[in-house]
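Down below is the structure, laid out as structure tokens.
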Amino acid sequence: MKYEELIYDLVQKDKNYFILTAENRAAIRNLPEKITNNFLDTGISEQTLIGVSAGLALRGRKPIAHVLASFLTMRAFEFIRTDIGIPNLPVKMVGAFAGFLSEANGPTHQAIEDISLMRGIPNINVFCPSDEDDMILGLPEVLKSDSPFYIRYNNLKSVVEHNRFKIGKAESFGEGNEVVIMTYGTLFSQAIEVMSQLKGKGIDASVINFRTLKPIDEGMILSKIKNVGLVVTLEDHFLTGGLFSILSELLLSKGLTANVLPIALNNKWFKPALLKNVLEYEEFSAEKLTKRILKTYKIKKESFYAEWSNI
Amino acid sequence: MNKIEIQKLEERAVRVREHILRLSTGGGCFTGASLSCADVIVYLYDKFLNVNIEKLNDPDRDYFFLSKGHDVPAVYGTFAEIGFIEKERLRNHLQTNDFIYWHPNRNIPGIEFHSGSLGHLLSVATGVAIDCKLKEQQNKIVVLVGDGELNEGSNWETLLVAAANKLDNLCILIDRNMFQANMRTESLIPLEPLERKFEAFGCSVRSVNGHDFSDLHDIFSNFPFALNRPSVIITETLRGKGLPSIQERADRWFCNFTSEEVEELIQELHGNYSAQINSESLIVR
């Protein structure tokens, strides 16, 4: 099933669902003519789109708003915070082309602080599917929720069979605890490939796909950091405010620590290019990631086990 | 509207201004701004809006959105007079045991949406208006916007959307008191010719003396002014209206008077007295 079909079915079943866009129709190109009375395009006006969504929600509608992630989360930030966050209205905000998915658009379009911004708003939750299957699995529950959600739209082809979806629950792949890769979204497929490459080097790894970053699966994190060689947080997001920050906040609040290699965009925008070229250039391709992880893993291996064996 | 009705509204407006003045001490409030739109709000809740205290969530009700949220003392004063809230409740102003603070919020019955950040509620009202239109309901959706607030670009962005969607159920009121926070609008960011601006954005526009109930009634009785267009009513008002000692003064936007000054101002409100105000003016911006 595709995103568009899922949304169409939803609107057929429940006319309160209301589909909006600020002229970003990529995900819903064929929908408008089919759902005329449940669709609005506000033109290139992200702030108005969010305010209008709030008004529709006041009337009992369940708005699903589609905007380019960078303009949604930044141009309309204060509208989201004030008109959706404060009254806790059930508006779903779908950000397109987030993270590396903006490809060659350049830094204006790079939403790589979106998770940091959205999770910082009380009441607003964050869903970051790793691929199209993951998104389709998660959407029914996310869209049914009474909470507002930021959804990092992602229609990449899936490389795994995903588990059943539950808000606030992560899924894990592999059993290894020498390297645990914590990730979400676009880079999940790279992480799966890294796990296999590490296996080839004799290192047992596992991958955690967080799915929702807010609420975060604290239980999964706390169980996985025990007896682990190296934790890797992997994300197409700024180093600040994303998964590495979430992990750091959680561990510190519990008085815990871990050996963590954060892989993210450290205080920089990425080189605009086609996705596969970006991954190569920024060293986020599976091969480059494996090298980066191995380098750190080898340096720290001895001391890690020494520390953990003392606990 | 006959003379008796007009007199009733004028008397109510005086009592609303008393409430505003009593909220202007012990921490204060946005007195000057609230006084400018008090008559319009009194008029709306008596003659124009179909809202019923017994059925505040009725989907067929009319909606009133206060986009210039700092004028909320005028709304709470009106609510106290028409029974939406107990008059005693206004004594909870700025206390943590209630929700009566400098900007409106939905904890107060009758408040449709919170505001305070300028340039927001025209878009929220537009969302409500779109839904009412799609459901072919007859509700009127009224939003009160400050003239200074029109500096915010989001208003003009939303006007384009409201016009594109032919929202003739949308009634946009501009509290044209010619002041923004610290100075006259025309000396900071000139708005004139304001009627023509709104017309150019696809609205149908009228101007009216915002302190004359008879004129207000004539104008509002003609709503909507045109099919398929949002209506704009520019209510020409005076900041600090009703109190000569603070009227049309840039430095009497936010006021925190002593309780003695409040009593003097209430006497001034009722005529034949000139209040002596020594409190320093407070400009919160």
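Within each chain, counting starts at residue 1; across the structure tokens, chains are named A, B, ... in the order shown, with ligands numbered 1 upward in that order.
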Counting only C-alpha atoms, chain B residues within 8 Å of chain A, as a PDB file with N, CA, C and O atoms, in the first residue's frame:
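As written to disk, iface.pdb reads:
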ATOM      1  N   PRO B  59     -22.214  23.574  17.605  1.00  0.00           N
ATOM      2  CA  PRO B  59     -21.510  23.781  16.321  1.00  0.00           C
ATOM      3  C   PRO B  59     -22.160  24.829  15.427  1.00  0.00           C
ATOM      4  O   PRO B  59     -21.545  25.311  14.482  1.00  0.00           O
ATOM      5  N   HIS B 120      -2.038  35.645  14.527  1.00  0.00           N
ATOM      6  CA  HIS B 120      -2.380  34.218  14.508  1.00  0.00           C
ATOM      7  C   HIS B 120      -3.851  33.922  14.223  1.00  0.00           C
ATOM      8  O   HIS B 120      -4.169  32.999  13.502  1.00  0.00           O
ATOM      9  N   LEU B 121      -4.747  34.693  14.852  1.00  0.00           N
ATOM     10  CA  LEU B 121      -6.127  34.198  14.874  1.00  0.00           C
ATOM     11  C   LEU B 121      -6.895  34.426  13.584  1.00  0.00           C
ATOM     12  O   LEU B 121      -7.937  33.809  13.381  1.00  0.00           O
ATOM     13  N   LEU B 122      -6.402  35.261  12.696  1.00  0.00           N
ATOM     14  CA  LEU B 122      -7.061  35.340  11.400  1.00  0.00           C
ATOM     15  C   LEU B 122      -6.949  33.992  10.693  1.00  0.00           C
ATOM     16  O   LEU B 122      -7.900  33.528  10.056  1.00  0.00           O
ATOM     17  N   SER B 123      -5.807  33.341  10.830  1.00  0.00           N
ATOM     18  CA  SER B 123      -5.668  32.034  10.176  1.00  0.00           C
ATOM     19  C   SER B 123      -6.499  30.965  10.889  1.00  0.00           C
ATOM     20  O   SER B 123      -7.115  30.116  10.238  1.00  0.00           O
ATOM     21  N   VAL B 124      -6.554  31.005  12.214  1.00  0.00           N
ATOM     22  CA  VAL B 124      -7.383  30.040  12.943  1.00  0.00           C
ATOM     23  C   VAL B 124      -8.856  30.254  12.578  1.00  0.00           C
ATOM     24  O   VAL B 124      -9.591  29.291  12.297  1.00  0.00           O
ATOM     25  N   ALA B 125      -9.279  31.517  12.548  1.00  0.00           N
ATOM     26  CA  ALA B 125     -10.671  31.832  12.179  1.00  0.00           C
ATOM     27  C   ALA B 125     -10.966  31.379  10.752  1.00  0.00           C
ATOM     28  O   ALA B 125     -12.070  30.906  10.452  1.00  0.00           O
ATOM     29  N   THR B 126      -9.963  31.497   9.895  1.00  0.00           N
ATOM     30  CA  THR B 126     -10.134  31.066   8.502  1.00  0.00           C
ATOM     31  C   THR B 126     -10.369  29.551   8.442  1.00  0.00           C
ATOM     32  O   THR B 126     -11.213  29.082   7.663  1.00  0.00           O
ATOM     33  N   GLY B 127      -9.657  28.801   9.267  1.00  0.00           N
ATOM     34  CA  GLY B 127      -9.881  27.350   9.320  1.00  0.00           C
ATOM     35  C   GLY B 127     -11.302  27.025   9.754  1.00  0.00           C
ATOM     36  O   GLY B 127     -11.961  26.158   9.172  1.00  0.00           O
ATOM     37  N   VAL B 128     -11.789  27.742  10.772  1.00  0.00           N
ATOM     38  CA  VAL B 128     -13.152  27.530  11.242  1.00  0.00           C
ATOM     39  C   VAL B 128     -14.150  27.907  10.137  1.00  0.00           C
ATOM     40  O   VAL B 128     -15.113  27.177   9.864  1.00  0.00           O
ATOM     41  N   ILE B 130     -13.724  27.940   6.926  1.00  0.00           N
ATOM     42  CA  ILE B 130     -13.695  26.964   5.827  1.00  0.00           C
ATOM     43  C   ILE B 130     -14.555  25.754   6.187  1.00  0.00           C
ATOM     44  O   ILE B 130     -15.357  25.269   5.376  1.00  0.00           O
ATOM     45  N   ASP B 131     -14.414  25.280   7.426  1.00  0.00           N
ATOM     46  CA  ASP B 131     -15.202  24.109   7.837  1.00  0.00           C
ATOM     47  C   ASP B 131     -16.699  24.427   7.822  1.00  0.00           C
ATOM     48  O   ASP B 131     -17.501  23.617   7.350  1.00  0.00           O
ATOM     49  N   LEU B 134     -17.905  24.443   4.248  1.00  0.00           N
ATOM     50  CA  LEU B 134     -18.002  23.100   3.669  1.00  0.00           C
ATOM     51  C   LEU B 134     -19.226  22.365   4.195  1.00  0.00           C
ATOM     52  O   LEU B 134     -19.826  21.559   3.490  1.00  0.00           O
ATOM     53  N   SER B 154       1.720  37.590   8.472  1.00  0.00           N
ATOM     54  CA  SER B 154       0.837  36.419   8.433  1.00  0.00           C
ATOM     55  C   SER B 154      -0.608  36.830   8.154  1.00  0.00           C
ATOM     56  O   SER B 154      -1.364  36.066   7.548  1.00  0.00           O
ATOM     57  N   GLU B 157      -0.926  37.180   4.406  1.00  0.00           N
ATOM     58  CA  GLU B 157      -0.828  35.839   3.823  1.00  0.00           C
ATOM     59  C   GLU B 157      -2.192  35.143   3.929  1.00  0.00           C
ATOM     60  O   GLU B 157      -2.707  34.568   2.966  1.00  0.00           O
ATOM     61  N   THR B 158      -2.780  35.222   5.123  1.00  0.00           N
ATOM     62  CA  THR B 158      -4.059  34.544   5.344  1.00  0.00           C
ATOM     63  C   THR B 158      -5.198  35.212   4.577  1.00  0.00           C
ATOM     64  O   THR B 158      -6.117  34.535   4.113  1.00  0.00           O
ATOM     65  N   VAL B 161      -5.611  33.680   1.349  1.00  0.00           N
ATOM     66  CA  VAL B 161      -6.241  32.356   1.426  1.00  0.00           C
ATOM     67  C   VAL B 161      -7.746  32.499   1.680  1.00  0.00           C
ATOM     68  O   VAL B 161      -8.560  31.789   1.075  1.00  0.00           O
TER      69      VAL B 161
END
Next item on the list: Per DSSP on the backbone, filter stretch 24-209 of chain A down to the residues in alpha helix (DSSP H) and report them as a VMD selection string.
Entry: chain A and resid 46 to 58 69 to 70 77 to 79 114 to 119 132 to 144 188 to 200
Next item on the list: For A:Val159, work out the shell of residues within 8 Å, counting only C-alpha atoms and skipping chain neighbours fewer than 2 positions away, then give it as a ChimeraX atom specification.
Entry: /A:157,161,189
Next item on the list: Can you pull out every residue within 8 Å of B:Pro224, counting only C-alpha atoms, but drop anything in the same chain fewer than 6 positions away, and send it as an MDAnalysis selection string?
Entry: chainID B and resid 168:169 171 230:231
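In this model, the gap between atom CA of B:Asn107 and atom CA of A:Ala65 comes to 27.0 Å.
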